[in-house]
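Engineer: I am sharing work-v4.txt, which consists of compact mmCIF, C-alpha atoms and all ligand atoms:
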# COMPACT_ATOMS: atom_id res chain seq x y z
CA MET N 453 2.05 7.61 27.90
CA GLU N 454 -0.79 9.51 29.40
CA MET N 455 -3.56 7.60 31.18
CA THR N 456 -7.00 8.63 29.92
CA PHE N 457 -10.64 7.61 30.12
CA ARG N 458 -13.31 7.68 27.46
CA TRP N 459 -16.16 9.98 28.42
CA TYR N 460 -19.37 10.34 26.44
CA GLY N 461 -20.26 13.81 27.71
CA SER N 462 -22.55 14.88 30.55
CA LYS N 463 -25.70 14.42 28.46
CA PHE N 464 -24.94 10.81 27.58
CA ASP N 465 -22.61 9.25 30.15
CA THR N 466 -23.46 7.80 33.56
CA VAL N 467 -19.85 8.37 34.58
CA THR N 468 -19.00 11.89 35.75
CA LEU N 469 -15.84 13.91 35.24
CA LYS N 470 -15.47 14.09 39.00
CA GLN N 471 -15.40 10.30 39.21
CA ILE N 472 -12.89 10.11 36.38
CA ARG N 473 -10.61 12.59 38.08
CA GLN N 474 -10.63 10.52 41.25
CA ILE N 475 -9.12 7.51 39.49
CA PRO N 476 -5.41 7.55 40.39
CA GLY N 477 -3.14 8.74 37.60
CA MET N 478 -5.98 9.94 35.38
CA THR N 479 -5.28 13.28 33.74
CA GLY N 480 -7.13 13.29 30.46
CA VAL N 481 -10.37 12.35 28.81
CA ILE N 482 -11.07 11.12 25.34
CA THR N 483 -14.35 12.51 24.18
CA THR N 484 -16.37 13.84 21.27
CA LEU N 485 -19.40 15.93 20.44
CA TYR N 486 -21.93 13.13 20.55
CA ASP N 487 -24.76 15.10 19.10
CA THR N 488 -23.05 15.82 15.80
CA THR N 489 -23.67 13.64 12.78
CA PRO N 490 -20.92 12.31 10.52
CA GLY N 491 -20.26 14.75 7.71
CA GLU N 492 -21.16 17.94 9.55
CA GLU N 493 -18.73 20.70 10.48
CA TRP N 494 -18.24 21.00 14.24
CA GLN N 495 -18.92 24.42 15.63
CA PRO N 496 -16.03 26.17 17.43
CA GLU N 497 -18.34 27.30 20.28
CA ALA N 498 -19.40 23.72 20.95
CA ILE N 499 -15.77 22.56 21.03
CA ARG N 500 -14.87 25.40 23.38
CA ALA N 501 -17.79 24.61 25.71
CA LEU N 502 -16.77 20.94 25.88
CA LYS N 503 -13.18 21.89 26.56
CA LYS N 504 -14.18 24.27 29.31
CA GLU N 505 -16.37 21.70 31.00
CA VAL N 506 -13.53 19.17 31.04
CA GLU N 507 -10.97 21.71 32.25
CA ASP N 508 -13.28 23.03 34.97
CA ALA N 509 -13.29 19.48 36.32
CA GLY N 510 -9.49 19.48 36.55
CA LEU N 511 -8.87 17.31 33.49
CA HIS N 512 -8.07 18.04 29.88
CA ILE N 513 -9.07 16.72 26.46
CA SER N 514 -6.31 14.34 25.34
CA GLY N 515 -7.95 13.55 22.06
CA ILE N 516 -11.18 13.09 20.18
CA GLU N 517 -12.79 9.70 19.67
CA SER N 518 -14.16 10.04 17.13
CA VAL N 519 -14.66 12.57 14.39
CA ASN N 520 -16.66 10.08 12.36
CA VAL N 521 -16.22 9.86 8.62
CA CYS N 522 -19.48 9.87 6.70
CA ASP N 523 -20.51 7.16 4.27
CA SER N 524 -20.14 9.41 1.19
CA ILE N 525 -16.42 9.67 1.87
CA LYS N 526 -16.12 5.95 2.55
CA VAL N 527 -17.85 4.91 -0.65
CA GLY N 528 -16.27 7.73 -2.69
CA ASP N 529 -19.53 9.40 -3.78
CA SER N 530 -19.52 12.39 -6.09
CA ASP N 531 -20.28 14.71 -3.16
CA ARG N 532 -17.42 13.48 -0.96
CA ASP N 533 -15.29 16.64 -1.40
CA LYS N 534 -17.96 18.72 0.27
CA TYR N 535 -17.85 16.43 3.33
CA ILE N 536 -14.07 16.32 3.32
CA GLU N 537 -14.14 20.12 3.38
CA ASN N 538 -16.33 19.96 6.50
CA TYR N 539 -13.95 17.47 8.06
CA ILE N 540 -11.02 19.79 7.36
CA LYS N 541 -12.85 22.70 8.97
CA THR N 542 -13.59 20.56 12.02
CA LEU N 543 -9.90 19.66 12.30
CA GLU N 544 -8.99 23.30 11.99
CA HIS N 545 -11.34 24.23 14.84
CA LEU N 546 -9.92 21.42 16.97
CA GLY N 547 -6.35 22.46 16.20
CA LYS N 548 -7.09 26.03 17.21
CA GLU N 549 -8.33 24.70 20.56
CA ASP N 550 -5.06 22.86 21.02
CA ILE N 551 -6.47 19.38 20.44
CA HIS N 552 -3.96 17.25 18.57
CA MET N 553 -5.18 13.67 18.33
CA VAL N 554 -8.22 12.46 16.43
CA CYS N 555 -9.38 8.85 16.33
CA TYR N 556 -11.68 7.68 13.52
CA ASN N 557 -12.56 4.49 11.73
CA PHE N 558 -13.25 3.44 8.17
CA MET N 559 -15.66 0.57 8.74
CA PRO N 560 -18.54 0.33 6.28
CA VAL N 561 -22.01 0.84 7.81
CA PHE N 562 -21.32 -0.56 11.27
CA ASP N 563 -18.86 0.38 13.96
CA TRP N 564 -17.87 -2.38 16.38
CA THR N 565 -20.06 -5.45 16.37
CA ARG N 566 -21.09 -7.70 19.24
CA THR N 567 -23.92 -10.19 19.55
CA GLU N 568 -24.41 -9.91 23.30
CA LEU N 569 -24.02 -6.86 25.46
CA ALA N 570 -24.35 -8.55 28.83
CA ARG N 571 -23.15 -12.14 28.80
CA VAL N 572 -23.10 -13.39 32.37
CA LYS N 573 -19.74 -14.65 33.62
CA PRO N 574 -19.26 -17.21 36.41
CA ASP N 575 -18.63 -14.44 38.94
CA GLY N 576 -21.92 -12.73 38.09
CA SER N 577 -20.37 -9.85 36.18
CA THR N 578 -21.47 -9.27 32.59
CA ALA N 579 -19.45 -8.58 29.48
CA LEU N 580 -19.78 -7.90 25.79
CA ALA N 581 -19.51 -10.99 23.60
CA TYR N 582 -19.39 -12.05 19.96
CA ASN N 583 -20.72 -15.26 18.53
CA GLN N 584 -20.43 -16.07 14.84
CA LYS N 585 -23.54 -18.29 14.76
CA ALA N 586 -25.63 -15.44 16.13
CA ILE N 587 -24.32 -13.17 13.37
CA ASP N 588 -25.01 -15.80 10.74
CA ALA N 589 -28.57 -16.18 12.02
CA ILE N 590 -29.38 -12.54 11.34
CA ASP N 591 -31.96 -12.18 8.63
CA PRO N 592 -30.52 -9.92 5.92
CA GLU N 593 -34.03 -9.09 4.66
CA ASN N 594 -34.94 -7.71 8.01
CA LEU N 595 -31.61 -6.48 9.19
CA ALA N 596 -32.66 -3.39 11.13
CA ALA N 597 -35.22 -5.24 13.26
CA SER N 598 -32.91 -8.18 13.71
CA ILE N 599 -30.06 -5.96 14.87
CA LYS N 600 -32.32 -4.03 17.20
CA LYS N 601 -33.37 -7.28 18.83
CA MET N 602 -29.75 -8.39 19.12
CA SER N 603 -28.63 -5.19 20.82
CA GLY N 604 -31.33 -5.55 23.48
CA GLY N 605 -32.52 -1.98 23.16
CA THR N 606 -29.15 -0.43 23.96
CA VAL N 607 -27.64 1.99 21.52
CA LEU N 608 -24.05 1.40 20.50
CA PRO N 609 -22.01 4.08 18.76
CA GLY N 610 -22.50 3.67 15.04
CA TRP N 611 -25.72 1.71 15.61
CA GLU N 612 -27.99 4.65 16.28
CA PRO N 613 -31.69 3.99 15.47
CA GLU N 614 -31.70 6.74 12.81
CA ARG N 615 -28.89 4.99 10.96
CA MET N 616 -30.36 1.55 11.45
CA ALA N 617 -33.66 2.74 10.00
CA LYS N 618 -31.91 3.22 6.67
CA VAL N 619 -29.63 0.26 6.92
CA GLN N 620 -30.85 -1.27 3.62
CA GLU N 621 -30.03 1.99 1.89
CA LEU N 622 -26.56 1.94 3.44
CA PHE N 623 -25.97 -1.58 2.22
CA GLU N 624 -27.02 -0.48 -1.24
CA MET N 625 -24.45 2.35 -1.13
CA TYR N 626 -21.65 -0.11 -0.41
CA LYS N 627 -22.64 -2.79 -2.89
CA ASP N 628 -19.83 -2.00 -5.35
CA VAL N 629 -17.24 -1.10 -2.75
CA ASP N 630 -14.70 -3.85 -2.36
CA GLY N 631 -11.58 -3.78 -0.22
CA GLU N 632 -9.44 -2.08 -2.87
CA LYS N 633 -12.00 0.63 -3.51
CA LEU N 634 -12.41 1.28 0.20
CA PHE N 635 -8.65 1.50 0.61
CA GLU N 636 -8.40 3.97 -2.29
CA ASN N 637 -11.14 6.11 -0.77
CA LEU N 638 -9.35 6.10 2.55
CA VAL N 639 -6.09 7.20 0.94
CA TYR N 640 -7.93 9.93 -0.96
CA PHE N 641 -9.43 11.19 2.29
CA LEU N 642 -6.11 11.10 4.16
CA LYS N 643 -4.23 12.92 1.42
CA ALA N 644 -6.86 15.64 1.42
CA ILE N 645 -6.67 16.22 5.17
CA MET N 646 -2.87 15.95 5.63
CA PRO N 647 -2.19 19.67 4.99
CA VAL N 648 -4.50 20.78 7.82
CA CYS N 649 -3.09 18.05 10.08
CA ASN N 650 0.42 19.30 9.38
CA LYS N 651 -0.56 22.88 9.97
CA TYR N 652 -2.06 22.21 13.40
CA ASP N 653 -0.05 19.10 14.25
CA ILE N 654 -3.11 16.88 14.45
CA LYS N 655 -2.31 13.22 14.64
CA MET N 656 -4.95 11.10 12.94
CA ALA N 657 -5.28 7.66 14.50
CA ILE N 658 -7.30 5.11 12.58
CA HIS N 659 -9.16 2.60 14.71
CA PRO N 660 -9.01 -1.01 13.51
CA ASP N 661 -12.10 -2.89 12.41
CA ASP N 662 -13.77 -4.80 15.19
CA PRO N 663 -13.98 -7.69 14.73
CA ALA N 664 -11.17 -7.85 12.21
CA TRP N 665 -13.09 -9.51 9.38
CA SER N 666 -16.08 -8.82 7.16
CA VAL N 667 -19.46 -8.82 8.85
CA PHE N 668 -22.73 -9.16 6.94
CA GLY N 669 -20.69 -9.38 3.75
CA LEU N 670 -19.33 -5.83 4.09
CA THR N 671 -15.64 -5.53 3.41
CA ARG N 672 -13.26 -4.51 6.20
CA ILE N 673 -9.69 -3.42 5.61
CA ILE N 674 -8.00 -2.36 8.85
CA THR N 675 -7.54 -5.85 10.16
CA SER N 676 -3.91 -6.95 10.06
CA GLU N 677 -0.29 -5.88 10.25
CA GLU N 678 0.03 -6.12 6.49
CA ASN N 679 -2.97 -3.85 5.83
CA ILE N 680 -2.10 -1.20 8.36
CA VAL N 681 1.52 -1.05 7.20
CA ARG N 682 0.26 -0.64 3.64
CA LEU N 683 -1.84 2.31 4.77
CA MET N 684 1.07 3.88 6.65
CA LYS N 685 3.19 3.67 3.50
CA ALA N 686 0.45 4.92 1.16
CA VAL N 687 0.35 8.21 3.07
CA ASP N 688 3.77 8.37 4.61
CA ASP N 689 3.28 11.22 7.04
CA VAL N 690 3.52 10.97 10.81
CA HIS N 691 0.07 12.58 11.04
CA ASN N 692 -1.36 9.50 9.36
CA GLY N 693 -1.22 7.18 12.34
CA VAL N 694 -2.86 4.43 14.27
CA THR N 695 -5.08 3.74 17.25
CA PHE N 696 -3.59 0.53 18.50
CA CYS N 697 -6.58 -1.34 19.89
CA SER N 698 -5.39 -4.67 21.27
CA GLY N 699 -8.91 -6.07 21.48
CA SER N 700 -9.79 -5.31 17.86
CA TYR N 701 -6.53 -6.40 16.23
CA GLY N 702 -6.50 -9.30 18.67
CA THR N 703 -9.69 -10.82 17.23
CA ASN N 704 -7.56 -11.78 14.24
CA LEU N 705 -5.56 -14.64 15.67
CA GLU N 706 -2.84 -14.21 13.11
CA ASN N 707 -1.94 -10.81 14.52
CA ASP N 708 1.07 -10.88 16.82
CA LEU N 709 0.19 -7.82 18.90
CA PRO N 710 3.60 -6.91 20.41
CA HIS N 711 5.18 -7.45 16.98
CA MET N 712 2.67 -5.11 15.37
CA ILE N 713 3.38 -2.42 17.96
CA ARG N 714 7.09 -2.66 17.23
CA THR N 715 6.50 -2.50 13.48
CA LEU N 716 4.31 0.58 13.88
CA LYS N 717 6.84 2.41 16.04
CA GLY N 718 6.34 6.18 15.82
CA ARG N 719 2.95 5.87 14.13
CA ILE N 720 0.84 4.79 17.12
CA HIS N 721 -0.79 7.91 18.50
CA PHE N 722 -3.40 6.35 20.75
CA ALA N 723 -3.72 3.00 22.51
CA HIS N 724 -6.76 1.02 23.65
CA VAL N 725 -5.51 -1.69 25.93
CA ARG N 726 -7.91 -4.51 26.76
CA ASN N 727 -8.05 -8.28 26.93
CA LEU N 728 -10.27 -10.91 25.29
CA LYS N 729 -11.18 -14.46 26.15
CA PHE N 730 -11.70 -16.85 23.25
CA ASN N 731 -14.14 -19.69 23.80
CA ASP N 732 -14.03 -21.10 20.28
CA THR N 733 -11.68 -20.12 17.51
CA SER N 734 -13.02 -22.25 14.66
CA LYS N 735 -14.32 -20.06 11.84
CA GLU N 736 -17.95 -21.23 11.99
CA ASN N 737 -18.28 -21.19 15.77
CA TYR N 738 -16.04 -18.25 16.56
CA ASP N 739 -16.87 -16.99 20.02
CA PHE N 740 -15.17 -14.51 22.30
CA GLU N 741 -16.06 -12.37 25.26
CA GLU N 742 -14.41 -9.39 26.87
CA ALA N 743 -12.21 -10.37 29.80
CA THR N 744 -10.97 -8.24 32.66
CA HIS N 745 -7.77 -6.44 31.74
CA LEU N 746 -5.65 -8.98 33.64
CA SER N 747 -3.50 -11.28 31.45
CA SER N 748 -4.51 -14.42 33.33
CA ASP N 749 -8.18 -13.75 32.72
CA GLY N 750 -7.98 -13.75 28.92
CA ASN N 751 -5.86 -14.74 25.95
CA PHE N 752 -3.51 -11.80 25.59
CA ASP N 753 -0.24 -11.23 27.36
CA MET N 754 -0.88 -7.72 28.61
CA TYR N 755 2.62 -7.39 29.98
CA GLU N 756 4.08 -7.94 26.51
CA ILE N 757 1.65 -5.47 24.97
CA VAL N 758 2.49 -2.73 27.46
CA ARG N 759 6.19 -3.56 27.22
CA ALA N 760 6.13 -3.16 23.44
CA LEU N 761 4.43 0.23 23.83
CA TYR N 762 6.98 1.28 26.41
CA GLU N 763 9.95 0.07 24.39
CA THR N 764 8.84 1.83 21.23
CA GLY N 765 8.68 5.12 23.13
CA PHE N 766 4.89 5.45 22.95
CA ASP N 767 3.96 8.79 24.47
CA GLY N 768 0.33 9.28 23.45
CA PRO N 769 -2.89 8.77 25.36
CA ILE N 770 -3.72 5.25 26.45
CA ARG N 771 -7.03 4.07 27.80
CA PRO N 772 -8.62 1.00 29.30
CA ASP N 773 -11.48 -0.31 27.21
CA HIS N 774 -14.68 -2.36 27.28
CA GLY N 775 -15.02 -3.01 30.98
CA ARG N 776 -17.39 -5.58 32.41
CA MET N 777 -20.39 -4.48 34.42
CA ILE N 778 -19.55 -5.15 38.05
CA TRP N 779 -20.73 -4.13 41.51
CA ASP N 780 -24.30 -3.65 40.21
CA GLU N 781 -23.37 -0.70 38.09
CA LYS N 782 -25.83 0.42 35.44
CA ALA N 783 -24.01 2.04 32.55
CA MET N 784 -23.46 1.91 28.83
CA PRO N 785 -22.30 -1.62 27.93
CA GLY N 786 -18.51 -1.73 28.01
CA TYR N 787 -18.27 1.77 29.40
CA GLY N 788 -19.00 1.69 33.11
CA LEU N 789 -16.76 3.27 35.70
CA TYR N 790 -15.56 0.45 37.91
CA ASP N 791 -14.03 -2.17 35.69
CA ARG N 792 -12.34 0.36 33.44
CA ALA N 793 -10.93 2.10 36.52
CA LEU N 794 -9.49 -1.24 37.64
CA GLY N 795 -8.09 -1.75 34.14
CA SER N 796 -6.38 1.62 34.18
CA MET N 797 -4.71 0.82 37.50
CA TYR N 798 -3.45 -2.49 36.16
CA ILE N 799 -2.02 -0.85 33.02
CA GLN N 800 -0.32 1.80 35.14
CA GLY N 801 1.11 -0.90 37.40
CA LEU N 802 2.55 -2.74 34.43
CA TRP N 803 3.97 0.49 33.03
CA GLU N 804 5.63 1.48 36.31
CA ALA N 805 7.21 -1.94 36.74
CA ILE N 806 8.49 -2.02 33.16
CA GLU N 807 9.85 1.52 33.39
CA LYS N 808 11.63 0.97 36.72
CA ASN N 809 13.06 -2.31 35.62
CA ASP N 810 14.38 -0.67 32.47
CA LYS N 811 15.96 2.24 34.36
CA ARG N 812 17.58 -0.11 36.83
CA LYS N 813 19.18 -2.06 33.98
CA ASN N 814 20.62 1.04 32.35
C1 LIG N 901 -15.59 0.79 20.77
C2 LIG N 901 -14.69 1.76 20.19
C3 LIG N 901 -15.08 2.17 18.78
C4 LIG N 901 -14.21 3.31 18.34
C5 LIG N 901 -14.47 3.76 16.95
C6 LIG N 901 -13.44 4.77 16.51
O1 LIG N 901 -15.65 0.66 21.93
O2 LIG N 901 -13.40 1.35 20.30
O3 LIG N 901 -16.41 2.56 18.77
O4 LIG N 901 -14.44 4.41 19.16
O5 LIG N 901 -14.48 2.71 16.08
O6 LIG N 901 -13.93 5.49 15.47
What's the structure tokens form of this structure?

Structural biologist:
Amino acid sequence: MEMTFRWYGSKFDTVTLKQIRQIPGMTGVITTLYDTTPGEEWQPEAIRALKKEVEDAGLHISGIESVNVCDSIKVGDSDRDKYIENYIKTLEHLGKEDIHMVCYNFMPVFDWTRTELARVKPDGSTALAYNQKAIDAIDPENLAASIKKMSGGTVLPGWEPERMAKVQELFEMYKDVDGEKLFENLVYFLKAIMPVCNKYDIKMAIHPDDPAWSVFGLTRIITSEENIVRLMKAVDDVHNGVTFCSGSYGTNLENDLPHMIRTLKGRIHFAHVRNLKFNDTSKENYDFEEATHLSSDGNFDMYEIVRALYETGFDGPIRPDHGRMIWDEKAMPGYGLYDRALGSMYIQGLWEAIEKNDKRKN
């Protein structure tokens, strides 16, 4: 594995490349061109400039998170081929710059969903949280305003004000798209991009839906072992792979995370390793918050997750995810420096112990 850190670019991130480089063991960043819109072709000069900036700081680009897929492709509109063509050109430009891993998601309308961005924990730190009642209380007639209020003025990826302004329109687009249709559209998209992925050895890594169930009545399909295995089989090419995000798959309590990792052996190209704490797991009152990365602080056994990655020979980028806000840091919710840096050290500690133990046995 390679330890990496998500970086939103110097225009958008409070965390600097210099700070990232000073985290022990950190060699790569996961980034994107944040000022592009889904559907547009990325310009080679912009990719080169980003790459140069990262390399000048002594790091390298380990992968892109994300090249977002536009709604036309997701709903299967008549103009989707034009956007797929742009996506292919973007992949080609990335491949030529020696970038070989691309994370994306196929969630309708929204990316990840939380109802609180700064829930205060007993130690005074704050974390992202999800509460089903708060979601259910959102007024569908007035969704954009309601969501804006919920997010407390902070912009989450996928929740940009320009998109939220036309949220009703987006809902309209998806009204006839059920799970099967969405799956078909995803397979269509993947089949179309596989040739360019093969040519430049670009590993596509689909991010699971977060949380792993329908929100606001919109279908979600990348939620379970069964669904992701079905997708791997539908396009049976190593370049059609997975971002294994423990926190997203972990919201679905039926998912056995280490088991899933073992089942997906060879197809996991990127890993997001984080922990969650469940406060209520009944359907109506479902409530969770992001924990520190430490096993004892949340509900996941992080040792078993890292062990499964190690044992399946995972050699892609791995990153800590959704840190708390600690030590009075002011940063993008979930994406401050300190708690994620602590998380990365913990993951590296687990990895070293597992690796040494394994070598000693053999
Ligand atoms: C949240 C992230 C997601 C992820 C996208 C991938 O923190 O894990 O926003 O980047 O869903 O396309």

Engineer: With all atoms listed in the file as the counted atoms, please give the residues lying no more than 9 Å from Val648 of chain N, apart from itself and same-chain residues fewer than 2 positions off, as a list in words.

Structural biologist: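 Counting only the stated atoms, we get Ile540, Lys541, Leu543, Glu544, Gly547, Ala644, Ile645, Met646, Asn650, Lys651, Tyr652, Asp653 and Ile654 of chain N.
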
Engineer: Please extract the residues at most 7 Å from ligand LIG 901 (chain N), counting all atoms listed in the file, and provide them as a tab-separated table (two decimals) with C-alpha atoms, keeping the file's coordinate frame, using the chain letters and residue numbers of this document.

Structural biologist:
chain	number	residue	atom	x	y	z
N	517	GLU	CA	-12.79	9.70	19.67
N	518	SER	CA	-14.16	10.04	17.13
N	520	ASN	CA	-16.66	10.08	12.36
N	555	CYS	CA	-9.38	8.85	16.33
N	556	TYR	CA	-11.68	7.68	13.52
N	557	ASN	CA	-12.56	4.49	11.73
N	563	ASP	CA	-18.86	0.38	13.96
N	564	TRP	CA	-17.87	-2.38	16.38
N	609	PRO	CA	-22.01	4.08	18.76
N	659	HIS	CA	-9.16	2.60	14.71
N	773	ASP	CA	-11.48	-0.31	27.21
N	774	HIS	CA	-14.68	-2.36	27.28

Engineer: Pick the closest to Ser666 of chain N from N:Phe641, N:Phe730, N:Phe635, N:Phe562: which is it, counting only C-alpha atoms?

Structural biologist: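 The closest residue to Ser666 of chain N is N:Phe562.
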
Engineer: Report, in Å with one decimal, the straight-line distance from atom CA of Asn538 of chain N to atom CA of Leu642 of chain N.

Structural biologist: 13.7 Å

Engineer: For each of N:Ile720, N:Leu705, N:Met754, N:Leu502, take the minimum atom-to-atom distance to Asn692 of chain N, counting all atoms listed in the file, then give the residue where this is smallest.

Structural biologist: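 Of all the options, N:Ile720 lies closest to Asn692 of chain N.
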
Engineer: Have a look at N:Gly477, N:Ser462, N:Pro660, N:Arg532 and name the one nearest to Val506 of chain N; count all atoms listed in the file.

Structural biologist: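 The closest residue to Val506 of chain N is N:Ser462.
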
Engineer: Can you list, as a list in words, every protein, DNA or RNA residue that comes within 8 Å of segment 627-632 of chain N when you count only C-alpha atoms, leaving out same-chain residues fewer than 6 positions away?

Structural biologist: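 What passes the distance filter is Val527, Thr671, Arg672 and Ile673 of chain N.
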
Engineer: Between atom CA of Thr715 of chain N and atom CA of Met797 of chain N, measure the distance and give it in Å to one decimal.

Structural biologist: 26.7 Å

Engineer: For Thr565 of chain N, which residue out of N:Thr488, N:Thr733, N:Ser700, N:Thr695 is the nearest one, using only C-alpha atoms?

Structural biologist: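 When distances to Thr565 of chain N are compared using only C-alpha atoms, the smallest one comes from N:Ser700.
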
Engineer: Please list as a list in words every residue within 12 Å of Arg571 of chain N, counting only C-alpha atoms and excluding residues in the same chain fewer than 5 positions away.

Structural biologist: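 The residues that qualify are Arg566, Gly576, Ser577, Thr578, Ala579, Leu580, Ala581, Tyr582, Asn583, Ser603, Gly604, Asp739, Phe740, Glu741, Glu742, Ala743, Arg776, Met777, Pro785 and Gly786 of chain N.
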
Engineer: With only C-alpha atoms as the basis for distance, which of N:Phe696, N:Tyr798, N:Trp779, N:Trp459 is at the shortest distance from Thr744 of chain N?

Structural biologist: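 Of N:Phe696, N:Tyr798, N:Trp779, N:Trp459, the one nearest Thr744 of chain N, counting only C-alpha atoms, is N:Tyr798.
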
Engineer: Mind listing as a PyMOL selection string all residues within 12 Å of (-14.7, 19.9, 11.8), counting only C-alpha atoms?

Structural biologist: chain N and resi 484-485+488-499+516+518-521+535-549+551+554+645+648-649

Engineer: Between atom CA of Tyr762 of chain N and atom CA of Trp665 of chain N, measure the distance and give it in Å to one decimal.

Structural biologist: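 Separating atom CA of Tyr762 of chain N from atom CA of Trp665 of chain N is a distance of 28.4 Å.
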
Engineer: Can you pull out the residues contacting Gln474 of chain N? Cut-off 12 Å, using only C-alpha atoms, and skip same-chain residues under 6 positions away; I want them as number ranges by chain.

Structural biologist: N: 457, 467-468, 480, 509-511, 789-790, 793, 797

Engineer: Can I get the selected residues back with C-alpha atoms, as a short mmCIF file (atom, residue, chain, number, x, y, z; two decimals), in the coordinates of the input?

Structural biologist:
data_model
loop_
_atom_site.label_atom_id
_atom_site.label_comp_id
_atom_site.auth_asym_id
_atom_site.auth_seq_id
_atom_site.Cartn_x
_atom_site.Cartn_y
_atom_site.Cartn_z
CA PHE N 457 -10.64 7.61 30.12
CA VAL N 467 -19.85 8.37 34.58
CA THR N 468 -19.00 11.89 35.75
CA GLY N 480 -7.13 13.29 30.46
CA ALA N 509 -13.29 19.48 36.32
CA GLY N 510 -9.49 19.48 36.55
CA LEU N 511 -8.87 17.31 33.49
CA LEU N 789 -16.76 3.27 35.70
CA TYR N 790 -15.56 0.45 37.91
CA ALA N 793 -10.93 2.10 36.52
CA MET N 797 -4.71 0.82 37.50
#

Engineer: Place a sphere of radius 10 Å on (5.9, 1.7, 33.0) in the file coordinates and name every protein, DNA or RNA residue with an atom inside or on its surface, counting only C-alpha atoms; give the answer as a ChimeraX atom specification.

Structural biologist: /N:453,758-759,761-763,799-810

Engineer: Would you list the contacts of Ser514 of chain N as an MDAnalysis selection string, taking every protein, DNA or RNA residue within 9 Å and counting all atoms listed in the file, but skipping same-chain residues closer than 2 positions in sequence?

Structural biologist: chainID N and resid 454 456 479:483 512 516 551:553 768:769

Engineer: Calculated over all atoms listed in the file, which of the candidates N:Lys585, N:Lys504, N:Lys573, N:Arg458 has the smallest distance to Pro772 of chain N?

Structural biologist: N:Arg458

Engineer: Quick one: what's the axis-aligned box for segment 579-593 of chain N, all listed atoms, 8 Å on every side, centre and edges in Å to one decimal, as AutoDock Vina command-line options?

Structural biologist:
--center_x -26.7 --center_y -13.1 --center_z 17.1 --size_x 30.6 --size_y 26.4 --size_z 40.8
